[in-house]
Amino acid sequence: KSSFQKPSFALRVLVQERLAEIIAEDVAGYQDHIEIVESTLTVSIDSLRQTSEKWLIPRRARRAFRAACFEALYFVGEHGLITRGADALFSLNPFEFHALFAPVLAALGDADTMEGWLASTEILATADLRKQQAGAESKSEPSEKAIV
């Protein structure tokens, strides 16, 4: 008998939200090189390896995570991710959003793996993602000097 436990819908949503925040905060804006040769476009993001390690993306899910990062950058645009953060991804329709992250969820596998990943990245998410979101919100609010 297998111990594979199918993840609940709520768990899958939590994982997708965390992945969207990671892409918006730690991937967008860090492309290192774009090269166009005839009909081939090559985009290099050297920080993806460090981002995968920082966020403890399991090895078996790293290829799917990299693909989701590139698709997100291509689909909603790097500018949208930088200026709107994860909201740029959250504004996709449910089918588009799910299609973007389904390969990563499949690579993560069962509910235990997803729960473990969320738990192991919770402190980092609270400290790093929330801090960056707060910084972005304070930048968007008019300063007191501008209200004169």
# chains A, B, ... in the order shown; residues from 1 in each chain; ligands from 1
$ residues_around --residues "Ala20 (chain A)" --least-positions-apart "3" --cutoff "8 Å" --atoms "only C-alpha atoms" --output "JSON, numbers by chain"
{"A": [16, 17, 23, 24, 86, 89, 90]}
$ residues_around --residues "Ala111 (chain A)" --least-positions-apart "6" --cutoff "9 Å" --atoms "only C-alpha atoms" --output "VMD selection string"
chain A and resid 4 to 8 11 to 12
$ write_last_selection --atoms "N, CA and C atoms" --output "PDB file, in the first residue's frame"
ATOM      1  N   PHE A   4       1.274   7.601  -0.532  1.00  0.00           N
ATOM      2  CA  PHE A   4       1.019   8.830  -1.286  1.00  0.00           C
ATOM      3  C   PHE A   4      -0.331   9.406  -0.891  1.00  0.00           C
ATOM      4  N   GLN A   5      -0.311  10.661  -0.445  1.00  0.00           N
ATOM      5  CA  GLN A   5      -1.551  11.334  -0.069  1.00  0.00           C
ATOM      6  C   GLN A   5      -1.758  12.506  -1.014  1.00  0.00           C
ATOM      7  N   LYS A   6      -2.874  12.491  -1.719  1.00  0.00           N
ATOM      8  CA  LYS A   6      -3.186  13.560  -2.665  1.00  0.00           C
ATOM      9  C   LYS A   6      -3.359  14.871  -1.907  1.00  0.00           C
ATOM     10  N   PRO A   7      -2.701  15.946  -2.362  1.00  0.00           N
ATOM     11  CA  PRO A   7      -2.836  17.227  -1.674  1.00  0.00           C
ATOM     12  C   PRO A   7      -4.234  17.818  -1.862  1.00  0.00           C
ATOM     13  N   SER A   8      -4.722  18.466  -0.815  1.00  0.00           N
ATOM     14  CA  SER A   8      -6.030  19.109  -0.891  1.00  0.00           C
ATOM     15  C   SER A   8      -5.945  20.330  -1.806  1.00  0.00           C
ATOM     16  N   LEU A  11      -4.263  23.208   0.014  1.00  0.00           N
ATOM     17  CA  LEU A  11      -2.810  23.065   0.093  1.00  0.00           C
ATOM     18  C   LEU A  11      -2.161  23.446  -1.229  1.00  0.00           C
ATOM     19  N   ARG A  12      -2.742  23.004  -2.327  1.00  0.00           N
ATOM     20  CA  ARG A  12      -2.196  23.357  -3.642  1.00  0.00           C
ATOM     21  C   ARG A  12      -2.231  24.869  -3.853  1.00  0.00           C
TER      22      ARG A  12
END
$ closest_atom_pairs --of "region 73-112 of chain A" --to "region 36-60 of chain A" --cutoff "12 Å" --atoms "only C-alpha atoms" --output "JSON lines"
{"residue": "A:Leu73", "atom": "CA", "partner": "A:Val43", "partner_atom": "CA", "distance": 10.4}
{"residue": "A:Tyr74", "atom": "CA", "partner": "A:Val43", "partner_atom": "CA", "distance": 10.3}
{"residue": "A:Pro103", "atom": "CA", "partner": "A:Arg60", "partner_atom": "CA", "distance": 11.1}
{"residue": "A:Val104", "atom": "CA", "partner": "A:Arg60", "partner_atom": "CA", "distance": 9.3}
{"residue": "A:Leu105", "atom": "CA", "partner": "A:Arg60", "partner_atom": "CA", "distance": 10.9}
{"residue": "A:Ala106", "atom": "CA", "partner": "A:Arg60", "partner_atom": "CA", "distance": 10.0}
{"residue": "A:Ala107", "atom": "CA", "partner": "A:Arg60", "partner_atom": "CA", "distance": 6.2}
{"residue": "A:Leu108", "atom": "CA", "partner": "A:Pro58", "partner_atom": "CA", "distance": 7.2}
{"residue": "A:Gly109", "atom": "CA", "partner": "A:Arg60", "partner_atom": "CA", "distance": 9.4}
$ write_last_selection --atoms "all heavy atoms" --output "CSV table (one decimal), in the first residue's frame"
chain,number,residue,atom,x,y,z
A,73,LEU,N,7.6,35.1,-16.4
A,73,LEU,CA,8.2,36.3,-17.0
A,73,LEU,C,7.7,36.6,-18.4
A,73,LEU,O,7.4,37.7,-18.7
A,73,LEU,CB,9.7,36.1,-17.0
A,73,LEU,CG,10.4,36.2,-15.7
A,73,LEU,CD1,11.9,35.7,-15.8
A,73,LEU,CD2,10.3,37.5,-15.0
A,74,TYR,N,7.5,35.5,-19.2
A,74,TYR,CA,7.1,35.7,-20.5
A,74,TYR,C,5.6,36.0,-20.6
A,74,TYR,O,5.1,36.9,-21.4
A,74,TYR,CB,7.4,34.4,-21.3
A,74,TYR,CG,7.0,34.5,-22.8
A,74,TYR,CD1,7.8,35.2,-23.7
A,74,TYR,CD2,5.9,33.8,-23.2
A,74,TYR,CE1,7.4,35.3,-25.0
A,74,TYR,CE2,5.5,33.9,-24.6
A,74,TYR,CZ,6.3,34.6,-25.5
A,74,TYR,OH,6.0,34.7,-26.8
A,103,PRO,N,2.9,22.0,-13.3
A,103,PRO,CA,4.1,21.1,-13.4
A,103,PRO,C,4.9,21.1,-12.1
A,103,PRO,O,5.5,20.1,-11.7
A,103,PRO,CB,4.9,21.7,-14.6
A,103,PRO,CG,3.9,22.4,-15.4
A,103,PRO,CD,2.9,22.9,-14.5
A,104,VAL,N,5.0,22.3,-11.4
A,104,VAL,CA,5.7,22.3,-10.2
A,104,VAL,C,5.0,21.5,-9.1
A,104,VAL,O,5.6,20.8,-8.4
A,104,VAL,CB,5.9,23.8,-9.7
A,104,VAL,CG1,6.8,23.8,-8.5
A,104,VAL,CG2,6.5,24.7,-10.8
A,105,LEU,N,3.7,21.7,-9.0
A,105,LEU,CA,2.9,20.9,-8.1
A,105,LEU,C,3.1,19.4,-8.3
A,105,LEU,O,3.2,18.6,-7.4
A,105,LEU,CB,1.5,21.3,-8.1
A,105,LEU,CG,1.1,22.7,-7.7
A,105,LEU,CD1,-0.4,23.0,-7.8
A,105,LEU,CD2,1.6,23.0,-6.3
A,106,ALA,N,3.0,19.0,-9.6
A,106,ALA,CA,3.2,17.6,-9.9
A,106,ALA,C,4.6,17.1,-9.5
A,106,ALA,O,4.7,16.0,-9.0
A,106,ALA,CB,2.9,17.4,-11.4
A,107,ALA,N,5.6,17.9,-9.7
A,107,ALA,CA,6.9,17.5,-9.4
A,107,ALA,C,7.1,17.5,-7.9
A,107,ALA,O,7.9,16.6,-7.4
A,107,ALA,CB,8.0,18.5,-10.0
A,108,LEU,N,6.5,18.3,-7.1
A,108,LEU,CA,6.5,18.3,-5.7
A,108,LEU,C,5.9,17.0,-5.2
A,108,LEU,O,6.4,16.4,-4.2
A,108,LEU,CB,5.8,19.5,-5.0
A,108,LEU,CG,6.6,20.8,-5.1
A,108,LEU,CD1,5.7,21.9,-4.6
A,108,LEU,CD2,7.9,20.7,-4.3
A,109,GLY,N,4.8,16.6,-5.8
A,109,GLY,CA,4.2,15.3,-5.5
A,109,GLY,C,3.1,15.3,-4.5
A,109,GLY,O,2.1,16.0,-4.7
$ closest_residue --among "A:Glu35, A:Asp26, A:Glu122, A:Glu115" --to "Glu78 (chain A)" --atoms "only C-alpha atoms"
A:Asp26
$ closest_residue --among "A:Gly77, A:Val13, A:Ile82, A:Arg18" --to "Pro94 (chain A)" --atoms "only C-alpha atoms"
A:Val13
$ atom_distance --atom1 "CA of Phe97 (chain A)" --atom2 "CA of Leu129 (chain A)"
19.9 Å
$ select_by_dssp --residues "chain A" --states "alpha helix (DSSP H)" --output "number ranges by chain"
A: 9-22, 48-54, 59-76, 78-84, 87-90, 94-108, 111-124, 130-140
$ select_by_dssp --residues "chain A" --states "strand (DSSP E or B)" --output "PyMOL selection string"
chain A and resi 33-37+40-44
$ write_last_selection --atoms "all heavy atoms" --output "short mmCIF file (atom, residue, chain, number, x, y, z; two decimals), in the first residue's frame"
data_model
loop_
_atom_site.label_atom_id
_atom_site.label_comp_id
_atom_site.auth_asym_id
_atom_site.auth_seq_id
_atom_site.Cartn_x
_atom_site.Cartn_y
_atom_site.Cartn_z
N HIS A 33 21.09 38.16 -18.88
CA HIS A 33 21.52 38.25 -20.26
C HIS A 33 20.39 37.83 -21.19
O HIS A 33 19.73 36.84 -20.95
CB HIS A 33 22.73 37.32 -20.46
CG HIS A 33 23.31 37.37 -21.83
ND1 HIS A 33 24.00 38.45 -22.31
CD2 HIS A 33 23.31 36.46 -22.83
CE1 HIS A 33 24.39 38.20 -23.55
NE2 HIS A 33 23.98 36.99 -23.89
N ILE A 34 20.21 38.61 -22.25
CA ILE A 34 19.27 38.25 -23.32
C ILE A 34 20.05 38.23 -24.62
O ILE A 34 20.77 39.18 -24.92
CB ILE A 34 18.09 39.25 -23.43
CG1 ILE A 34 17.26 39.23 -22.16
CG2 ILE A 34 17.24 38.93 -24.64
CD1 ILE A 34 16.12 40.22 -22.17
N GLU A 35 19.90 37.16 -25.36
CA GLU A 35 20.61 37.03 -26.63
C GLU A 35 19.62 36.58 -27.70
O GLU A 35 18.82 35.68 -27.47
CB GLU A 35 21.72 35.99 -26.49
CG GLU A 35 22.55 35.80 -27.73
CD GLU A 35 23.64 34.76 -27.54
OE1 GLU A 35 23.96 34.41 -26.39
OE2 GLU A 35 24.16 34.28 -28.56
N ILE A 36 19.68 37.24 -28.84
CA ILE A 36 18.83 36.87 -29.97
C ILE A 36 19.74 36.50 -31.14
O ILE A 36 20.56 37.30 -31.58
CB ILE A 36 17.90 38.04 -30.39
CG1 ILE A 36 17.04 38.46 -29.21
CG2 ILE A 36 17.06 37.64 -31.59
CD1 ILE A 36 16.23 39.72 -29.45
N VAL A 37 19.59 35.26 -31.59
CA VAL A 37 20.34 34.77 -32.75
C VAL A 37 19.31 34.22 -33.73
O VAL A 37 18.65 33.23 -33.44
CB VAL A 37 21.36 33.68 -32.35
CG1 VAL A 37 22.07 33.15 -33.58
CG2 VAL A 37 22.35 34.21 -31.34
N THR A 40 16.02 32.60 -32.51
CA THR A 40 16.13 32.02 -31.17
C THR A 40 16.41 33.11 -30.14
O THR A 40 17.34 33.90 -30.30
CB THR A 40 17.27 30.97 -31.13
OG1 THR A 40 17.03 29.98 -32.11
CG2 THR A 40 17.36 30.34 -29.75
N LEU A 41 15.58 33.14 -29.12
CA LEU A 41 15.75 34.07 -28.02
C LEU A 41 16.25 33.29 -26.81
O LEU A 41 15.62 32.30 -26.41
CB LEU A 41 14.41 34.74 -27.67
CG LEU A 41 14.37 35.59 -26.41
CD1 LEU A 41 15.20 36.85 -26.58
CD2 LEU A 41 12.94 35.96 -26.07
N THR A 42 17.37 33.70 -26.25
CA THR A 42 17.93 33.04 -25.08
C THR A 42 17.95 34.03 -23.93
O THR A 42 18.52 35.12 -24.05
CB THR A 42 19.37 32.54 -25.36
OG1 THR A 42 19.36 31.70 -26.50
CG2 THR A 42 19.93 31.79 -24.17
N VAL A 43 17.31 33.66 -22.82
CA VAL A 43 17.29 34.49 -21.62
C VAL A 43 18.01 33.73 -20.52
O VAL A 43 17.67 32.57 -20.25
CB VAL A 43 15.84 34.81 -21.18
CG1 VAL A 43 15.84 35.65 -19.92
CG2 VAL A 43 15.09 35.51 -22.30
N SER A 44 18.97 34.36 -19.89
CA SER A 44 19.71 33.72 -18.80
C SER A 44 19.41 34.44 -17.49
O SER A 44 19.47 35.67 -17.43
CB SER A 44 21.22 33.79 -19.05
OG SER A 44 21.54 33.12 -20.24
#
$ atom_distance --atom1 "CA of Met114 (chain A)" --atom2 "CA of Phe70 (chain A)"
21.8 Å
$ decode --residues "region 19-58 of chain A" --atoms "N, CA and C atoms" --output "PDB file, in the first residue's frame"
ATOM      1  N   LEU A  19       4.811  30.175  -4.406  1.00  0.00           N
ATOM      2  CA  LEU A  19       5.644  30.166  -5.609  1.00  0.00           C
ATOM      3  C   LEU A  19       5.497  31.475  -6.392  1.00  0.00           C
ATOM      4  N   ALA A  20       4.269  31.980  -6.488  1.00  0.00           N
ATOM      5  CA  ALA A  20       4.037  33.244  -7.201  1.00  0.00           C
ATOM      6  C   ALA A  20       4.783  34.388  -6.518  1.00  0.00           C
ATOM      7  N   GLU A  21       4.748  34.428  -5.198  1.00  0.00           N
ATOM      8  CA  GLU A  21       5.448  35.477  -4.456  1.00  0.00           C
ATOM      9  C   GLU A  21       6.960  35.362  -4.652  1.00  0.00           C
ATOM     10  N   ILE A  22       7.472  34.150  -4.651  1.00  0.00           N
ATOM     11  CA  ILE A  22       8.911  33.941  -4.856  1.00  0.00           C
ATOM     12  C   ILE A  22       9.327  34.432  -6.242  1.00  0.00           C
ATOM     13  N   ILE A  23       8.554  34.081  -7.254  1.00  0.00           N
ATOM     14  CA  ILE A  23       8.884  34.511  -8.615  1.00  0.00           C
ATOM     15  C   ILE A  23       8.837  36.029  -8.722  1.00  0.00           C
ATOM     16  N   ALA A  24       7.812  36.645  -8.157  1.00  0.00           N
ATOM     17  CA  ALA A  24       7.678  38.100  -8.247  1.00  0.00           C
ATOM     18  C   ALA A  24       8.783  38.829  -7.487  1.00  0.00           C
ATOM     19  N   GLU A  25       9.187  38.301  -6.342  1.00  0.00           N
ATOM     20  CA  GLU A  25      10.152  39.012  -5.500  1.00  0.00           C
ATOM     21  C   GLU A  25      11.604  38.636  -5.757  1.00  0.00           C
ATOM     22  N   ASP A  26      11.878  37.356  -6.039  1.00  0.00           N
ATOM     23  CA  ASP A  26      13.271  36.911  -6.125  1.00  0.00           C
ATOM     24  C   ASP A  26      13.735  36.530  -7.517  1.00  0.00           C
ATOM     25  N   VAL A  27      12.826  36.525  -8.501  1.00  0.00           N
ATOM     26  CA  VAL A  27      13.231  36.159  -9.860  1.00  0.00           C
ATOM     27  C   VAL A  27      13.088  37.354 -10.799  1.00  0.00           C
ATOM     28  N   ALA A  28      11.943  38.018 -10.779  1.00  0.00           N
ATOM     29  CA  ALA A  28      11.716  39.160 -11.673  1.00  0.00           C
ATOM     30  C   ALA A  28      12.722  40.273 -11.368  1.00  0.00           C
ATOM     31  N   GLY A  29      13.308  40.800 -12.414  1.00  0.00           N
ATOM     32  CA  GLY A  29      14.265  41.889 -12.262  1.00  0.00           C
ATOM     33  C   GLY A  29      15.704  41.429 -12.158  1.00  0.00           C
ATOM     34  N   TYR A  30      15.924  40.130 -12.214  1.00  0.00           N
ATOM     35  CA  TYR A  30      17.277  39.611 -12.051  1.00  0.00           C
ATOM     36  C   TYR A  30      17.790  38.891 -13.289  1.00  0.00           C
ATOM     37  N   GLN A  31      17.206  39.180 -14.464  1.00  0.00           N
ATOM     38  CA  GLN A  31      17.717  38.531 -15.665  1.00  0.00           C
ATOM     39  C   GLN A  31      19.100  39.104 -15.965  1.00  0.00           C
ATOM     40  N   ASP A  32      20.005  38.230 -16.342  1.00  0.00           N
ATOM     41  CA  ASP A  32      21.380  38.635 -16.532  1.00  0.00           C
ATOM     42  C   ASP A  32      21.747  38.887 -17.987  1.00  0.00           C
ATOM     43  N   HIS A  33      21.089  38.155 -18.879  1.00  0.00           N
ATOM     44  CA  HIS A  33      21.524  38.249 -20.258  1.00  0.00           C
ATOM     45  C   HIS A  33      20.393  37.828 -21.194  1.00  0.00           C
ATOM     46  N   ILE A  34      20.206  38.609 -22.252  1.00  0.00           N
ATOM     47  CA  ILE A  34      19.266  38.247 -23.316  1.00  0.00           C
ATOM     48  C   ILE A  34      20.050  38.233 -24.623  1.00  0.00           C
ATOM     49  N   GLU A  35      19.902  37.160 -25.362  1.00  0.00           N
ATOM     50  CA  GLU A  35      20.610  37.026 -26.631  1.00  0.00           C
ATOM     51  C   GLU A  35      19.625  36.582 -27.698  1.00  0.00           C
ATOM     52  N   ILE A  36      19.684  37.241 -28.844  1.00  0.00           N
ATOM     53  CA  ILE A  36      18.829  36.874 -29.974  1.00  0.00           C
ATOM     54  C   ILE A  36      19.736  36.499 -31.141  1.00  0.00           C
ATOM     55  N   VAL A  37      19.590  35.257 -31.589  1.00  0.00           N
ATOM     56  CA  VAL A  37      20.337  34.773 -32.751  1.00  0.00           C
ATOM     57  C   VAL A  37      19.309  34.218 -33.732  1.00  0.00           C
ATOM     58  N   GLU A  38      19.166  34.911 -34.847  1.00  0.00           N
ATOM     59  CA  GLU A  38      18.169  34.585 -35.849  1.00  0.00           C
ATOM     60  C   GLU A  38      16.790  34.490 -35.196  1.00  0.00           C
ATOM     61  N   SER A  39      16.196  33.302 -35.148  1.00  0.00           N
ATOM     62  CA  SER A  39      14.845  33.185 -34.581  1.00  0.00           C
ATOM     63  C   SER A  39      14.856  32.589 -33.177  1.00  0.00           C
ATOM     64  N   THR A  40      16.021  32.600 -32.510  1.00  0.00           N
ATOM     65  CA  THR A  40      16.127  32.020 -31.167  1.00  0.00           C
ATOM     66  C   THR A  40      16.406  33.112 -30.145  1.00  0.00           C
ATOM     67  N   LEU A  41      15.576  33.136 -29.121  1.00  0.00           N
ATOM     68  CA  LEU A  41      15.746  34.073 -28.019  1.00  0.00           C
ATOM     69  C   LEU A  41      16.247  33.285 -26.811  1.00  0.00           C
ATOM     70  N   THR A  42      17.375  33.704 -26.252  1.00  0.00           N
ATOM     71  CA  THR A  42      17.935  33.043 -25.081  1.00  0.00           C
ATOM     72  C   THR A  42      17.953  34.035 -23.928  1.00  0.00           C
ATOM     73  N   VAL A  43      17.313  33.658 -22.822  1.00  0.00           N
ATOM     74  CA  VAL A  43      17.293  34.490 -21.624  1.00  0.00           C
ATOM     75  C   VAL A  43      18.008  33.727 -20.519  1.00  0.00           C
ATOM     76  N   SER A  44      18.972  34.357 -19.889  1.00  0.00           N
ATOM     77  CA  SER A  44      19.711  33.722 -18.796  1.00  0.00           C
ATOM     78  C   SER A  44      19.408  34.436 -17.492  1.00  0.00           C
ATOM     79  N   ILE A  45      19.085  33.658 -16.481  1.00  0.00           N
ATOM     80  CA  ILE A  45      18.865  34.192 -15.138  1.00  0.00           C
ATOM     81  C   ILE A  45      19.757  33.378 -14.201  1.00  0.00           C
ATOM     82  N   ASP A  46      20.949  33.894 -13.968  1.00  0.00           N
ATOM     83  CA  ASP A  46      21.927  33.152 -13.183  1.00  0.00           C
ATOM     84  C   ASP A  46      21.500  32.948 -11.735  1.00  0.00           C
ATOM     85  N   SER A  47      20.618  33.790 -11.231  1.00  0.00           N
ATOM     86  CA  SER A  47      20.206  33.695  -9.829  1.00  0.00           C
ATOM     87  C   SER A  47      19.197  32.581  -9.570  1.00  0.00           C
ATOM     88  N   LEU A  48      18.719  31.893 -10.617  1.00  0.00           N
ATOM     89  CA  LEU A  48      17.718  30.840 -10.412  1.00  0.00           C
ATOM     90  C   LEU A  48      18.235  29.706  -9.533  1.00  0.00           C
ATOM     91  N   ARG A  49      19.494  29.357  -9.679  1.00  0.00           N
ATOM     92  CA  ARG A  49      20.063  28.288  -8.848  1.00  0.00           C
ATOM     93  C   ARG A  49      20.059  28.715  -7.376  1.00  0.00           C
ATOM     94  N   GLN A  50      20.498  29.945  -7.117  1.00  0.00           N
ATOM     95  CA  GLN A  50      20.506  30.442  -5.738  1.00  0.00           C
ATOM     96  C   GLN A  50      19.082  30.573  -5.192  1.00  0.00           C
ATOM     97  N   THR A  51      18.154  30.999  -6.037  1.00  0.00           N
ATOM     98  CA  THR A  51      16.761  31.126  -5.606  1.00  0.00           C
ATOM     99  C   THR A  51      16.188  29.756  -5.255  1.00  0.00           C
ATOM    100  N   SER A  52      16.482  28.751  -6.078  1.00  0.00           N
ATOM    101  CA  SER A  52      16.007  27.390  -5.803  1.00  0.00           C
ATOM    102  C   SER A  52      16.581  26.861  -4.495  1.00  0.00           C
ATOM    103  N   GLU A  53      17.844  27.151  -4.251  1.00  0.00           N
ATOM    104  CA  GLU A  53      18.478  26.697  -3.007  1.00  0.00           C
ATOM    105  C   GLU A  53      17.939  27.475  -1.801  1.00  0.00           C
ATOM    106  N   LYS A  54      17.835  28.786  -1.953  1.00  0.00           N
ATOM    107  CA  LYS A  54      17.335  29.629  -0.864  1.00  0.00           C
ATOM    108  C   LYS A  54      15.945  29.182  -0.415  1.00  0.00           C
ATOM    109  N   TRP A  55      15.085  28.870  -1.385  1.00  0.00           N
ATOM    110  CA  TRP A  55      13.699  28.512  -1.090  1.00  0.00           C
ATOM    111  C   TRP A  55      13.488  27.009  -0.957  1.00  0.00           C
ATOM    112  N   LEU A  56      14.578  26.262  -0.887  1.00  0.00           N
ATOM    113  CA  LEU A  56      14.522  24.820  -0.616  1.00  0.00           C
ATOM    114  C   LEU A  56      13.627  24.063  -1.595  1.00  0.00           C
ATOM    115  N   ILE A  57      13.645  24.494  -2.863  1.00  0.00           N
ATOM    116  CA  ILE A  57      12.874  23.791  -3.885  1.00  0.00           C
ATOM    117  C   ILE A  57      13.491  22.397  -4.018  1.00  0.00           C
ATOM    118  N   PRO A  58      12.719  21.338  -3.822  1.00  0.00           N
ATOM    119  CA  PRO A  58      13.283  19.985  -3.934  1.00  0.00           C
ATOM    120  C   PRO A  58      13.908  19.767  -5.313  1.00  0.00           C
TER     121      PRO A  58
END
